[in-house]
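start_27.pdb follows; it contains PDB, C-alpha atoms and all ligand atoms.
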ATOM      1  CA  MET P   1     -21.603-205.762  79.184
ATOM      2  CA  GLU P   2     -21.508-204.066  82.587
ATOM      3  CA  GLU P   3     -19.040-206.668  83.869
ATOM      4  CA  GLN P   4     -16.824-206.079  80.876
ATOM      5  CA  LYS P   5     -16.679-202.396  81.704
ATOM      6  CA  GLN P   6     -15.907-203.119  85.355
ATOM      7  CA  ALA P   7     -12.867-205.047  84.193
ATOM      8  CA  LEU P   8     -11.416-202.089  82.301
ATOM      9  CA  SER P   9      -8.433-200.339  83.828
ATOM     10  CA  ILE P  10      -8.707-196.695  84.863
ATOM     11  CA  ALA P  11      -6.532-195.746  81.888
ATOM     12  CA  GLN P  12      -8.870-197.574  79.487
ATOM     13  CA  LYS P  13     -11.918-195.909  81.034
ATOM     14  CA  GLN P  14     -10.254-192.502  80.739
ATOM     15  CA  ASN P  15      -9.407-193.312  77.149
ATOM     16  CA  LEU P  16     -13.024-194.187  76.266
ATOM     17  CA  TYR P  17     -14.320-191.197  78.177
ATOM     18  CA  LEU P  18     -12.032-188.682  76.473
ATOM     19  CA  LEU P  19     -12.825-190.144  73.049
ATOM     20  CA  ASP P  20     -16.521-189.637  73.832
ATOM     21  CA  CYS P  21     -15.766-186.070  74.952
ATOM     22  CA  LEU P  22     -13.980-185.450  71.656
ATOM     23  CA  ASP P  23     -16.945-186.888  69.804
ATOM     24  CA  PHE P  24     -19.228-184.512  71.668
ATOM     25  CA  LEU P  25     -17.008-181.510  70.933
ATOM     26  CA  LYS P  26     -16.791-182.529  67.277
ATOM     27  CA  ASP P  27     -20.544-182.171  66.937
ATOM     28  CA  ALA P  28     -20.660-178.872  68.757
ATOM     29  CA  ASP P  29     -17.561-177.222  67.319
ATOM     30  CA  GLU P  30     -16.461-177.085  63.684
ATOM     31  CA  THR P  31     -12.780-176.803  64.657
ATOM     32  CA  PHE P  32     -12.806-180.370  65.951
ATOM     33  CA  LYS P  33     -14.118-181.898  62.745
ATOM     34  CA  ASN P  34     -10.606-183.003  61.803
ATOM     35  CA  SER P  35      -9.833-184.668  65.079
ATOM     36  CA  ALA P  36      -7.368-187.426  64.118
ATOM     37  CA  PHE P  37      -4.572-185.654  65.997
ATOM     38  CA  HIS P  38      -6.649-185.356  69.149
ATOM     39  CA  GLU P  39      -7.513-189.052  68.986
ATOM     40  CA  PHE P  40      -3.810-189.827  68.617
ATOM     41  CA  ALA P  41      -3.029-187.593  71.640
ATOM     42  CA  ILE P  42      -5.699-189.306  73.768
ATOM     43  CA  GLN P  43      -4.209-192.729  72.954
ATOM     44  CA  LEU P  44      -0.755-191.610  74.134
ATOM     45  CA  LEU P  45      -1.944-189.686  77.189
ATOM     46  CA  THR P  46      -4.058-192.494  78.553
ATOM     47  CA  THR P  47      -0.998-194.682  78.964
ATOM     48  CA  GLY P  48      -0.598-192.956  82.347
ATOM     49  CA  GLN P  49       2.753-191.375  81.372
ATOM     50  CA  LYS P  50       3.758-187.769  80.983
ATOM     51  CA  ILE P  51       4.025-187.202  77.237
ATOM     52  CA  THR P  52       6.326-184.538  75.822
ATOM     53  CA  SER P  53       5.315-182.338  72.914
ATOM     54  CA  LYS P  54       8.059-184.032  70.871
ATOM     55  CA  GLN P  55       6.385-187.401  71.357
ATOM     56  CA  LEU P  56       3.137-185.882  70.113
ATOM     57  CA  ILE P  57       4.631-184.831  66.797
ATOM     58  CA  ASN P  58       2.929-186.786  64.047
ATOM     59  CA  ASP P  59       4.102-186.092  60.500
ATOM     60  CA  GLU P  60       1.375-188.215  58.951
ATOM     61  CA  LEU P  61      -1.276-186.001  60.502
ATOM     62  CA  GLY P  62       0.573-182.848  59.497
ATOM     63  CA  ILE P  63       1.574-181.921  63.066
ATOM     64  CA  ASN P  64       5.283-181.670  62.535
ATOM     65  CA  ASP P  65       6.670-179.329  65.173
ATOM     66  CA  PRO P  66       6.223-178.684  68.920
ATOM     67  CA  ARG P  67       4.483-175.366  68.236
ATOM     68  CA  ALA P  68       1.729-177.031  66.243
ATOM     69  CA  VAL P  69       1.401-179.632  69.017
ATOM     70  CA  SER P  70       1.102-176.871  71.602
ATOM     71  CA  ARG P  71      -1.531-175.045  69.547
ATOM     72  CA  TYR P  72      -3.668-178.128  69.009
ATOM     73  CA  MET P  73      -3.348-179.275  72.621
ATOM     74  CA  LYS P  74      -4.153-175.844  74.006
ATOM     75  CA  ARG P  75      -7.347-175.752  71.965
ATOM     76  CA  PHE P  76      -8.412-179.179  73.212
ATOM     77  CA  ILE P  77      -7.615-178.404  76.863
ATOM     78  CA  THR P  78      -9.453-175.075  76.717
ATOM     79  CA  LYS P  79     -12.530-176.746  75.234
ATOM     80  CA  LEU P  80     -12.471-179.489  77.870
ATOM     81  CA  GLU P  81     -12.198-176.915  80.640
ATOM     82  CA  GLU P  82     -14.962-174.744  79.208
ATOM     83  CA  ASN P  83     -17.344-177.648  78.752
ATOM     84  CA  LYS P  84     -16.349-179.799  81.714
ATOM     85  CA  ALA P  85     -19.652-179.623  83.569
ATOM     86  CA  LEU P  86     -21.723-180.112  80.425
ATOM     87  CA  LEU P  87     -19.570-183.041  79.287
ATOM     88  CA  TRP P  88     -19.749-184.628  82.731
ATOM     89  CA  GLN P  89     -23.531-184.425  82.652
ATOM     90  CA  SER P  90     -23.956-185.442  79.071
ATOM     91  CA  ILE P  91     -21.658-188.444  78.877
ATOM     92  CA  SER P  92     -22.934-190.117  82.063
ATOM     93  CA  PRO P  93     -19.477-191.033  83.387
ATOM     94  CA  GLN P  94     -20.608-193.035  86.388
ATOM     95  CA  LYS P  95     -22.892-195.284  84.415
ATOM     96  CA  GLU P  96     -21.026-195.991  81.220
ATOM     97  CA  HIS P  97     -17.446-195.326  82.058
ATOM     98  CA  LEU P  98     -17.421-195.888  85.823
ATOM     99  CA  LEU P  99     -15.202-192.912  86.413
ATOM    100  CA  ASN P 100     -15.608-190.868  89.563
ATOM    101  CA  ARG P 101     -13.564-187.897  88.448
ATOM    102  CA  PHE P 102     -13.116-186.004  85.210
ATOM    103  CA  PRO P 103      -9.889-187.018  83.385
ATOM    104  CA  MET P 104      -8.574-183.522  82.669
ATOM    105  CA  ILE P 105      -5.568-183.049  80.418
ATOM    106  CA  LYS P 106      -2.914-180.868  82.059
ATOM    107  CA  VAL P 107       0.216-179.257  80.757
ATOM    108  CA  GLU P 108       3.570-178.713  82.419
ATOM    109  CA  GLN P 109       5.165-175.821  80.531
ATOM    110  CA  GLY P 110       8.713-176.440  79.357
ATOM    111  CA  GLY P 111       9.488-172.747  79.707
ATOM    112  CA  GLY P 112      11.702-172.342  76.645
ATOM    113  CA  ASN P 113      15.397-173.286  76.290
ATOM    114  CA  GLY P 114      14.364-176.272  74.200
ATOM    115  CA  ILE P 115      12.638-177.992  77.133
ATOM    116  CA  PRO P 116       9.425-179.439  75.708
ATOM    117  CA  ASN P 117       5.979-179.090  77.286
ATOM    118  CA  LYS P 118       4.742-182.205  79.025
ATOM    119  CA  TYR P 119       1.131-183.342  78.916
ATOM    120  CA  PHE P 120      -0.569-185.703  81.320
ATOM    121  CA  ILE P 121      -3.957-186.641  82.719
ATOM    122  CA  GLU P 122      -5.033-185.532  86.156
ATOM    123  CA  PRO P 123      -8.481-186.554  87.426
ATOM    124  CA  GLU P 124     -10.467-183.576  88.710
ATOM    125  CA  ASP P 125     -13.535-183.340  90.898
ATOM    126  CA  ILE P 126     -16.512-181.773  89.251
ATOM    127  CA  ILE P 127     -18.176-179.050  91.186
ATOM    128  CA  SER P 128     -21.548-179.636  89.679
ATOM    129  CA  LYS P 129     -23.523-176.618  88.617
ATOM    130  CA  THR P 130     -26.650-178.598  89.273
ATOM    131  CA  GLN P 131     -28.282-179.383  92.521
ATOM    132  CA  GLU P 132     -28.002-183.145  92.331
ATOM    133  CA  VAL P 133     -30.903-185.126  93.659
ATOM    134  CA  PRO P 134     -29.176-188.002  95.415
ATOM    135  CA  LEU P 135     -30.126-191.576  94.649
ATOM    136  CA  HIS P 136     -32.875-192.725  96.921
ATOM    137  CA  GLU P 137     -34.450-196.031  97.597
ATOM    138  CA  LYS P 138     -38.040-196.496  96.549
ATOM    139  CA  ASN P 139     -40.561-194.926  98.943
ATOM    140  CA  GLU P 140     -37.884-193.104 100.882
ATOM    141  CA  VAL P 141     -39.029-189.598 101.796
ATOM    142  CA  ILE P 142     -37.132-187.032  99.761
ATOM    143  CA  ASN P 143     -37.377-183.343  99.187
ATOM    144  CA  PRO P 144     -39.623-183.196  96.114
ATOM    145  CA  ILE P 145     -38.771-179.618  95.287
ATOM    146  CA  TYR P 146     -35.643-179.784  93.152
ATOM    147  CA  ILE P 147     -34.878-181.475  89.886
ATOM    148  CA  SER P 148     -31.646-181.829  87.973
ATOM    149  CA  TYR P 149     -31.669-182.325  84.215
ATOM    150  CA  LYS P 150     -29.400-184.470  82.128
ATOM    151  CA  ALA P 151     -28.311-183.383  78.653
ATOM    152  CA  GLU P 152     -27.363-185.573  75.731
ATOM    153  CA  LYS P 153     -26.237-184.254  72.413
ATOM    154  CA  LEU P 154     -28.850-184.305  69.686
ATOM    155  CA  LYS P 155     -27.953-186.782  66.965
ATOM    156  CA  ARG P 156     -29.342-184.826  64.035
ATOM    157  CA  THR P 157     -29.417-181.052  64.292
ATOM    158  CA  PRO P 158     -32.238-179.588  62.121
ATOM    159  CA  TRP P 159     -30.959-178.179  58.823
ATOM    160  CA  TYR P 160     -31.966-174.574  59.468
ATOM    161  CA  ILE P 161     -30.046-174.478  62.759
ATOM    162  CA  ARG P 162     -26.935-175.863  61.076
ATOM    163  CA  VAL P 163     -27.274-173.290  58.301
ATOM    164  CA  CYS P 164     -27.981-170.336  60.583
ATOM    165  CA  SER P 165     -25.537-171.207  63.355
ATOM    166  CA  PRO P 166     -22.596-169.109  62.002
ATOM    167  CA  PHE P 167     -24.813-165.985  61.929
ATOM    168  CA  PHE P 168     -25.578-166.320  65.623
ATOM    169  CA  GLU P 169     -22.027-165.773  66.785
ATOM    170  CA  LYS P 170     -22.011-162.004  66.839
ATOM    171  CA  TYR P 171     -24.725-159.482  67.637
ATOM    172  CA  ARG P 172     -24.401-157.638  64.343
ATOM    173  CA  SER P 173     -24.525-160.757  62.193
ATOM    174  CA  ARG P 174     -27.535-161.981  64.203
ATOM    175  CA  LEU P 175     -29.320-158.720  63.484
ATOM    176  CA  ALA P 176     -28.265-158.579  59.826
ATOM    177  CA  PHE P 177     -29.483-162.133  59.320
ATOM    178  CA  MET P 178     -32.724-162.108  61.285
ATOM    179  CA  LEU P 179     -34.287-158.891  60.000
ATOM    180  CA  PRO P 180     -34.369-159.866  56.295
ATOM    181  CA  LEU P 181     -35.330-163.435  57.191
ATOM    182  CA  LEU P 182     -38.326-162.292  59.231
ATOM    183  CA  LEU P 183     -39.335-159.839  56.549
ATOM    184  CA  ILE P 184     -39.232-162.468  53.804
ATOM    185  CA  ALA P 185     -40.948-165.075  55.987
ATOM    186  CA  PHE P 186     -43.867-162.769  56.781
ATOM    187  CA  LEU P 187     -44.179-161.205  53.337
ATOM    188  CA  SER P 188     -43.991-164.385  51.266
ATOM    189  CA  PRO P 189     -47.488-165.692  52.285
ATOM    190  CA  LEU P 190     -48.902-162.305  51.271
ATOM    191  CA  ALA P 191     -47.116-162.571  47.937
ATOM    192  CA  LEU P 192     -48.608-166.029  47.369
ATOM    193  CA  ILE P 193     -52.113-164.783  48.156
ATOM    194  CA  ALA P 194     -51.607-161.836  45.799
ATOM    195  CA  LEU P 195     -50.526-164.207  42.994
ATOM    196  CA  PHE P 196     -53.594-166.339  43.654
ATOM    197  CA  THR P 197     -56.074-163.447  43.681
ATOM    198  CA  LYS P 198     -54.635-162.144  40.429
ATOM    199  CA  GLY P 199     -55.191-165.575  38.907
ATOM    200  CA  LEU P 200     -51.501-166.165  38.230
ATOM    201  CA  ILE P 201     -51.487-169.428  40.227
ATOM    202  CA  GLY P 202     -54.255-171.961  40.876
ATOM    203  CA  MET P 203     -55.550-173.274  44.190
ATOM    204  CA  GLU P 204     -53.436-176.462  43.974
ATOM    205  CA  LEU P 205     -50.235-174.541  43.454
ATOM    206  CA  LEU P 206     -51.171-172.135  46.241
ATOM    207  CA  ILE P 207     -51.582-175.010  48.728
ATOM    208  CA  ILE P 208     -48.332-176.716  47.689
ATOM    209  CA  ALA P 209     -46.391-173.433  47.756
ATOM    210  CA  SER P 210     -47.846-172.558  51.180
ATOM    211  CA  VAL P 211     -46.758-175.868  52.681
ATOM    212  CA  ILE P 212     -43.245-175.483  51.260
ATOM    213  CA  GLU P 213     -43.095-171.855  52.385
ATOM    214  CA  SER P 214     -44.104-172.691  55.938
ATOM    215  CA  TYR P 215     -41.555-175.533  56.120
ATOM    216  CA  ILE P 216     -38.535-173.730  54.724
ATOM    217  CA  LEU P 217     -39.263-170.169  55.810
ATOM    218  CA  PHE P 218     -42.038-169.570  58.282
ATOM    219  CA  ILE P 219     -41.335-172.298  60.880
ATOM    220  CA  PRO P 220     -37.525-171.781  60.859
ATOM    221  CA  ALA P 221     -37.965-167.991  61.102
ATOM    222  CA  LYS P 222     -40.388-168.387  64.009
ATOM    223  CA  LYS P 223     -38.063-170.797  65.826
ATOM    224  CA  LEU P 224     -35.015-168.614  65.277
ATOM    225  CA  SER P 225     -36.734-165.458  66.456
ATOM    226  CA  PHE P 226     -37.863-167.321  69.584
ATOM    227  CA  LEU P 227     -34.256-168.379  70.054
ATOM    228  CA  VAL P 228     -32.965-164.817  69.696
ATOM    229  CA  LYS P 229     -35.480-163.593  72.239
ATOM    230  CA  ASN P 230     -35.579-166.412  74.783
ATOM    231  CA  LYS P 231     -32.183-168.108  74.197
ATOM    232  CA  ALA P 232     -33.862-171.519  74.161
ATOM    233  CA  VAL P 233     -36.318-173.086  71.730
ATOM    234  CA  LEU P 234     -37.833-176.554  71.541
ATOM    235  CA  ILE P 235     -37.174-178.327  68.253
ATOM    236  CA  ASP P 236     -38.814-181.670  68.963
ATOM    237  CA  GLU P 237     -41.898-181.391  66.781
ATOM    238  CA  HIS P 238     -40.018-182.080  63.559
ATOM    239  CA  ILE P 239     -40.287-185.519  62.030
ATOM    240  CA  GLY P 240     -37.584-187.820  63.356
ATOM    241  CA  GLN P 241     -36.579-185.608  66.286
ATOM    242  CA  PRO P 242     -36.768-187.054  69.792
ATOM    243  CA  LEU P 243     -39.027-185.539  72.446
ATOM    244  CA  SER P 244     -37.443-182.830  74.548
ATOM    245  CA  ALA P 245     -34.950-181.767  71.858
ATOM    246  CA  ILE P 246     -33.898-178.187  72.432
ATOM    247  CA  CYS P 247     -31.623-175.592  70.890
ATOM    248  CA  LEU P 248     -29.809-173.247  73.283
ATOM    249  CA  SER P 249     -28.038-170.009  72.499
ATOM    250  CA  GLU P 250     -25.034-170.151  74.787
ATOM    251  CA  ILE P 251     -22.424-167.565  75.672
ATOM    252  CA  THR P 252     -18.921-168.276  74.401
ATOM    253  CA  LYS P 253     -17.171-164.967  75.024
ATOM    254  CA  ILE P 254     -17.963-161.747  76.847
ATOM    255  CA  HIS P 255     -15.885-158.825  75.589
ATOM    256  CA  SER P 256     -17.613-156.213  77.717
ATOM    257  CA  SER P 257     -20.766-155.846  79.761
ATOM    258  CA  ASP P 258     -22.535-154.490  76.687
ATOM    259  CA  ASN P 259     -25.018-157.022  75.359
ATOM    260  CA  LYS P 260     -23.756-156.317  71.839
ATOM    261  CA  ASP P 261     -20.300-157.567  72.768
ATOM    262  CA  ILE P 262     -21.345-161.064  73.721
ATOM    263  CA  GLU P 263     -20.472-163.941  71.403
ATOM    264  CA  ARG P 264     -22.778-166.912  71.293
ATOM    265  CA  LYS P 265     -23.055-170.376  69.827
ATOM    266  CA  LEU P 266     -25.997-172.681  69.199
ATOM    267  CA  THR P 267     -26.060-176.060  70.927
ATOM    268  CA  THR P 268     -28.660-178.739  70.288
ATOM    269  CA  LEU P 269     -29.399-181.170  73.098
ATOM    270  CA  VAL P 270     -31.943-183.700  74.298
ATOM    271  CA  ILE P 271     -32.904-183.038  77.908
ATOM    272  CA  LYS P 272     -34.330-185.520  80.411
ATOM    273  CA  GLY P 273     -34.989-185.080  84.091
ATOM    274  CA  ARG P 274     -35.603-187.326  87.045
ATOM    275  CA  CYS P 275     -38.922-186.448  88.665
ATOM    276  CA  PRO P 276     -38.049-186.496  92.386
ATOM    277  CA  ILE P 277     -41.573-187.642  93.267
ATOM    278  CA  CYS P 278     -42.010-190.441  90.714
ATOM    279  CA  TYR P 279     -38.447-191.642  91.225
ATOM    280  CA  SER P 280     -38.899-191.957  94.975
ATOM    281  CA  HIS P 281     -42.339-193.565  94.726
ATOM    282  CA  TYR P 282     -41.966-195.864  91.739
ATOM    283  CA  GLY P 283     -38.301-195.808  90.794
ATOM    284  CA  TYR P 284     -39.482-194.246  87.481
ATOM    285  CA  ASP P 285     -36.422-192.465  86.082
ATOM    286  CA  ASN P 286     -36.078-189.827  83.343
ATOM    287  CA  SER P 287     -39.817-189.174  83.300
ATOM    288  CA  VAL P 288     -39.478-185.406  82.923
ATOM    289  CA  ILE P 289     -39.342-183.947  79.422
ATOM    290  CA  LEU P 290     -39.343-180.353  78.249
ATOM    291  CA  GLU P 291     -42.455-178.682  76.883
ATOM    292  CA  TYR P 292     -43.811-175.183  76.599
ATOM    293  CA  ASP P 293     -45.885-173.820  79.448
ATOM    294  CA  ARG P 294     -48.846-173.390  77.098
ATOM    295  CA  ILE P 295     -49.760-174.357  73.551
ATOM    296  CA  PHE P 296     -50.806-170.934  72.235
ATOM    297  CA  PHE P 297     -48.367-168.062  72.667
ATOM    298  CA  PRO P 298     -45.852-170.103  74.664
ATOM    299  CA  LYS P 299     -43.590-168.126  76.923
ATOM    300  CA  ARG P 300     -41.501-170.491  78.898
ATOM    301  CA  VAL P 301     -39.880-173.925  78.543
ATOM    302  CA  ILE P 302     -40.656-176.105  81.541
ATOM    303  CA  GLY P 303     -40.158-179.742  82.585
ATOM    304  CA  LYS P 304     -43.288-181.909  82.687
ATOM    305  CA  CYS P 305     -43.410-185.401  84.150
ATOM    306  CA  LEU P 306     -44.914-187.972  81.776
ATOM    307  CA  HIS P 307     -46.501-189.775  84.722
ATOM    308  CA  ASN P 308     -48.196-186.713  86.210
ATOM    309  CA  PRO P 309     -47.971-183.882  83.677
ATOM    310  CA  ILE P 310     -50.324-181.513  85.493
ATOM    311  CA  GLU P 311     -48.971-181.657  89.041
ATOM    312  CA  HIS P 312     -45.333-182.566  88.482
ATOM    313  CA  GLN P 313     -44.098-179.512  86.624
ATOM    314  CA  PHE P 314     -40.672-177.975  87.126
ATOM    315  CA  SER P 315     -38.867-174.881  85.998
ATOM    316  CA  PHE P 316     -35.944-175.360  83.599
ATOM    317  CA  ASP P 317     -32.824-173.270  84.018
ATOM    318  CA  LYS P 318     -30.652-173.997  80.993
ATOM    319  CA  ASP P 319     -27.512-172.574  82.604
ATOM    320  CA  LEU P 320     -27.779-174.546  85.828
ATOM    321  CA  MET P 321     -29.440-177.580  84.197
ATOM    322  CA  SER P 322     -31.735-177.707  87.185
ATOM    323  CA  GLY P 323     -35.147-176.525  88.296
ATOM    324  CA  LYS P 324     -37.706-176.194  91.050
ATOM    325  CA  LYS P 325     -41.228-177.561  91.373
ATOM    326  CA  LEU P 326     -43.835-175.148  90.030
ATOM    327  CA  ASN P 327     -47.104-174.593  91.840
TER     328      ASN P 327
HETATM  329 ZN    ZN L 401     -43.570-187.292  88.394
END

Represent the structure from my file as structure tokens, please.
Amino acid sequence: MEEQKQALSIAQKQNLYLLDCLDFLKDADETFKNSAFHEFAIQLLTTGQKITSKQLINDELGINDPRAVSRYMKRFITKLEENKALLWQSISPQKEHLLNRFPMIKVEQGGGNGIPNKYFIEPEDIISKTQEVPLHEKNEVINPIYISYKAEKLKRTPWYIRVCSPFFEKYRSRLAFMLPLLLIAFLSPLALIALFTKGLIGMELLIIASVIESYILFIPAKKLSFLVKNKAVLIDEHIGQPLSAICLSEITKIHSSDNKDIERKLTTLVIKGRCPICYSHYGYDNSVILEYDRIFFPKRVIGKCLHNPIEHQFSFDKDLMSGKKLN
């Protein structure tokens, strides 16, 4: 399999890489759900030629004039630029695609007078936000202080995050959504107990209703309020979710320095980290997973090494995707 990938041309590798990027964006952004045009554009652009907006017109896909092409391409390019570092980390380019640089789509503006825009691919260096721990041979002495995390997209986002995601965009909608939710979530157990004490429901029904209530109201409300407060919440304890699954509340737009003017979006990821100590001693990779710092009243998400969970603990900075060894 590895040999097969080695044999691919740069253009083919760029093609596969950009299709994976599109796939990633599709999961994170509703506007990419209908991505047939973007797939078509990737196929043309990875021929290594400059492609004019006229060549990108595709009647079958409903993109029938240069303006529509420009709109769709601009959206794609903006999203690639915004998410470049995250995509580069998440889609492991060196391993799977053997690319050394990010295949960024660029545009050469036609500037009016009927001259069409031209699109092409230009590989770009990634200035990583993370402090990369370089590859080391086993037993080589390394600085065991820093860790960099790797993010993969979560395959199945929990239902309540999918449902609540649109309300998290703006401050006001977050507030308008969370207050009633918290109120209902905390009052409904009291209502059930009241029904039970008045003899309106039996013990069996009380137990069943409590389980359902905690699953559809209490746990989601608790998770979401944690997310509003801390901007990151672990979601890995649900059945079928992988360890170290996390939901992050990320900034998409800042209109002013006022906290109320910040737009956000929810992203669900699976995070793994390379413990610098275990990797250098045993070659044990990806042994660090995210957990809370304590079981009761957790405050902070940290990275714990599966091989040495007590001593090998690291901080987790979601924005830098890196951390430092904790004492
Ligand atoms: Zn370790």

- Task: Evaluate the PyMOL selection byres (((chain P and resi 290) around 12) and not hetatm) and record the selected residues as a PyMOL selection string, following the chain and residue labels used in the document.
- Result: chain P and resi 149-151+232-237+242-247+269-274+286-289+291-294+300-306+309+313-318+321+323

Save out the residues we just selected, C-alpha atoms, as a compact mmCIF listing (two decimals), in the frame of the given file.
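Once everything was written out, this is result-v2.txt:
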# COMPACT_ATOMS: atom_id res chain seq x y z
CA TYR P 149 -31.67 -182.32 84.22
CA LYS P 150 -29.40 -184.47 82.13
CA ALA P 151 -28.31 -183.38 78.65
CA ALA P 232 -33.86 -171.52 74.16
CA VAL P 233 -36.32 -173.09 71.73
CA LEU P 234 -37.83 -176.55 71.54
CA ILE P 235 -37.17 -178.33 68.25
CA ASP P 236 -38.81 -181.67 68.96
CA GLU P 237 -41.90 -181.39 66.78
CA PRO P 242 -36.77 -187.05 69.79
CA LEU P 243 -39.03 -185.54 72.45
CA SER P 244 -37.44 -182.83 74.55
CA ALA P 245 -34.95 -181.77 71.86
CA ILE P 246 -33.90 -178.19 72.43
CA CYS P 247 -31.62 -175.59 70.89
CA LEU P 269 -29.40 -181.17 73.10
CA VAL P 270 -31.94 -183.70 74.30
CA ILE P 271 -32.90 -183.04 77.91
CA LYS P 272 -34.33 -185.52 80.41
CA GLY P 273 -34.99 -185.08 84.09
CA ARG P 274 -35.60 -187.33 87.04
CA ASN P 286 -36.08 -189.83 83.34
CA SER P 287 -39.82 -189.17 83.30
CA VAL P 288 -39.48 -185.41 82.92
CA ILE P 289 -39.34 -183.95 79.42
CA GLU P 291 -42.46 -178.68 76.88
CA TYR P 292 -43.81 -175.18 76.60
CA ASP P 293 -45.88 -173.82 79.45
CA ARG P 294 -48.85 -173.39 77.10
CA ARG P 300 -41.50 -170.49 78.90
CA VAL P 301 -39.88 -173.92 78.54
CA ILE P 302 -40.66 -176.10 81.54
CA GLY P 303 -40.16 -179.74 82.58
CA LYS P 304 -43.29 -181.91 82.69
CA CYS P 305 -43.41 -185.40 84.15
CA LEU P 306 -44.91 -187.97 81.78
CA PRO P 309 -47.97 -183.88 83.68
CA GLN P 313 -44.10 -179.51 86.62
CA PHE P 314 -40.67 -177.98 87.13
CA SER P 315 -38.87 -174.88 86.00
CA PHE P 316 -35.94 -175.36 83.60
CA ASP P 317 -32.82 -173.27 84.02
CA LYS P 318 -30.65 -174.00 80.99
CA MET P 321 -29.44 -177.58 84.20
CA GLY P 323 -35.15 -176.52 88.30

- Query: Please, what distance in Å, to one decimal, runs between atom CA of Lys198 of chain P and atom CA of Leu179 of chain P?
  - Reply: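 Between these atoms lies a distance of 28.4 Å.
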
- Query: Please, which residues have at least one atom within 7 Å of an atom of ligand ZN 401 (chain L), using all atoms listed in the file, listed as a count of residues only?
  - Reply: 10

- Residues selected by the PyMOL selection byres (((chain P and resi 45-49) around 7) and not hetatm), written as an MDAnalysis selection string: chainID P and resid 11 14:15 41:44 50:51 120:121

- In Å, rounded to a single decimal, give me how far atom CA of Leu98 of chain P is from atom CA of Phe40 of chain P.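 Atom CA of Phe40 of chain P sits 22.8 Å away from atom CA of Leu98 of chain P.
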
- Item | atom CA of Lys231 of chain P to atom CA of Ile184 of chain P, distance in Å rounded to a single decimal | 22.3 Å

- Check the smallest atom-to-atom distance from each of P:His255, P:Lys153, P:Lys324, P:Lys223 to Leu86 of chain P using only C-alpha atoms, then report the winner.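 Selected residue with least distance to Leu86 of chain P: P:Lys153.
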
- Item | Shell of 12 Å around Phe32 of chain P, all atoms listed in the file, local chain residues under 3 positions omitted, as a ChimeraX atom specification | /P:21-29,35-39,72-73,75-76,79-80

- Message: Measuring between all atoms listed in the file, which one of P:Ile145, P:Leu16, P:Ile10, P:Thr268 shows the shortest distance to Asn327 of chain P?
- Response: P:Ile145

- Rank nothing, just name the residue among P:Leu190, P:Val107, P:Ile147, P:Thr252 nearest to Tyr279 of chain P, using only C-alpha atoms.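 Ranking P:Leu190, P:Val107, P:Ile147, P:Thr252 by distance to Tyr279 of chain P, first place goes to P:Ile147.
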
- Query: Counting all atoms listed in the file, which of P:Ala221, P:Leu99, P:Ile262, P:Ile208 gets nearest to Phe177 of chain P?
  - Reply: P:Ala221

- Message: Just checking: using only C-alpha atoms, which residue out of P:Tyr282, P:Tyr160, P:Phe102, P:Phe168 ends up closest to Ile219 of chain P?
- Response: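 Of all the options, P:Tyr160 lies closest to Ile219 of chain P.
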
Pull out every residue that the PyMOL selection byres (((chain P and resi 122) around 8) and not hetatm) matches in the shown coordinates and put them as a CSV table (one decimal) with C-alpha atoms, in the coordinates of the input.
chain,number,residue,atom,x,y,z
P,103,PRO,CA,-9.9,-187.0,83.4
P,104,MET,CA,-8.6,-183.5,82.7
P,105,ILE,CA,-5.6,-183.0,80.4
P,106,LYS,CA,-2.9,-180.9,82.1
P,120,PHE,CA,-0.6,-185.7,81.3
P,121,ILE,CA,-4.0,-186.6,82.7
P,123,PRO,CA,-8.5,-186.6,87.4
P,124,GLU,CA,-10.5,-183.6,88.7

- Item | Spatial neighbours of Glu213 of chain P, max dist 10 Å, all atoms listed in the file, sep filter under 3 positions, as an MDAnalysis selection string | chainID P and resid 185 188:189 192 207:210 216:219

Any chance you could export the current selection's C-alpha atoms as a PDB file, in the frame of the given file?
ATOM      1  CA  ALA P 185     -40.948-165.075  55.987  1.00  0.00           C
ATOM      2  CA  SER P 188     -43.991-164.385  51.266  1.00  0.00           C
ATOM      3  CA  PRO P 189     -47.488-165.692  52.285  1.00  0.00           C
ATOM      4  CA  LEU P 192     -48.608-166.029  47.369  1.00  0.00           C
ATOM      5  CA  ILE P 207     -51.582-175.010  48.728  1.00  0.00           C
ATOM      6  CA  ILE P 208     -48.332-176.716  47.689  1.00  0.00           C
ATOM      7  CA  ALA P 209     -46.391-173.433  47.756  1.00  0.00           C
ATOM      8  CA  SER P 210     -47.846-172.558  51.180  1.00  0.00           C
ATOM      9  CA  ILE P 216     -38.535-173.730  54.724  1.00  0.00           C
ATOM     10  CA  LEU P 217     -39.263-170.169  55.810  1.00  0.00           C
ATOM     11  CA  PHE P 218     -42.038-169.570  58.282  1.00  0.00           C
ATOM     12  CA  ILE P 219     -41.335-172.298  60.880  1.00  0.00           C
TER      13      ILE P 219
END

- Polymer residues at most 10 Å from Ile115 of chain P, all atoms listed in the file, same-chain spacing of 5 or more positions, as a PyMOL selection string: chain P and resi 52-54+109-110
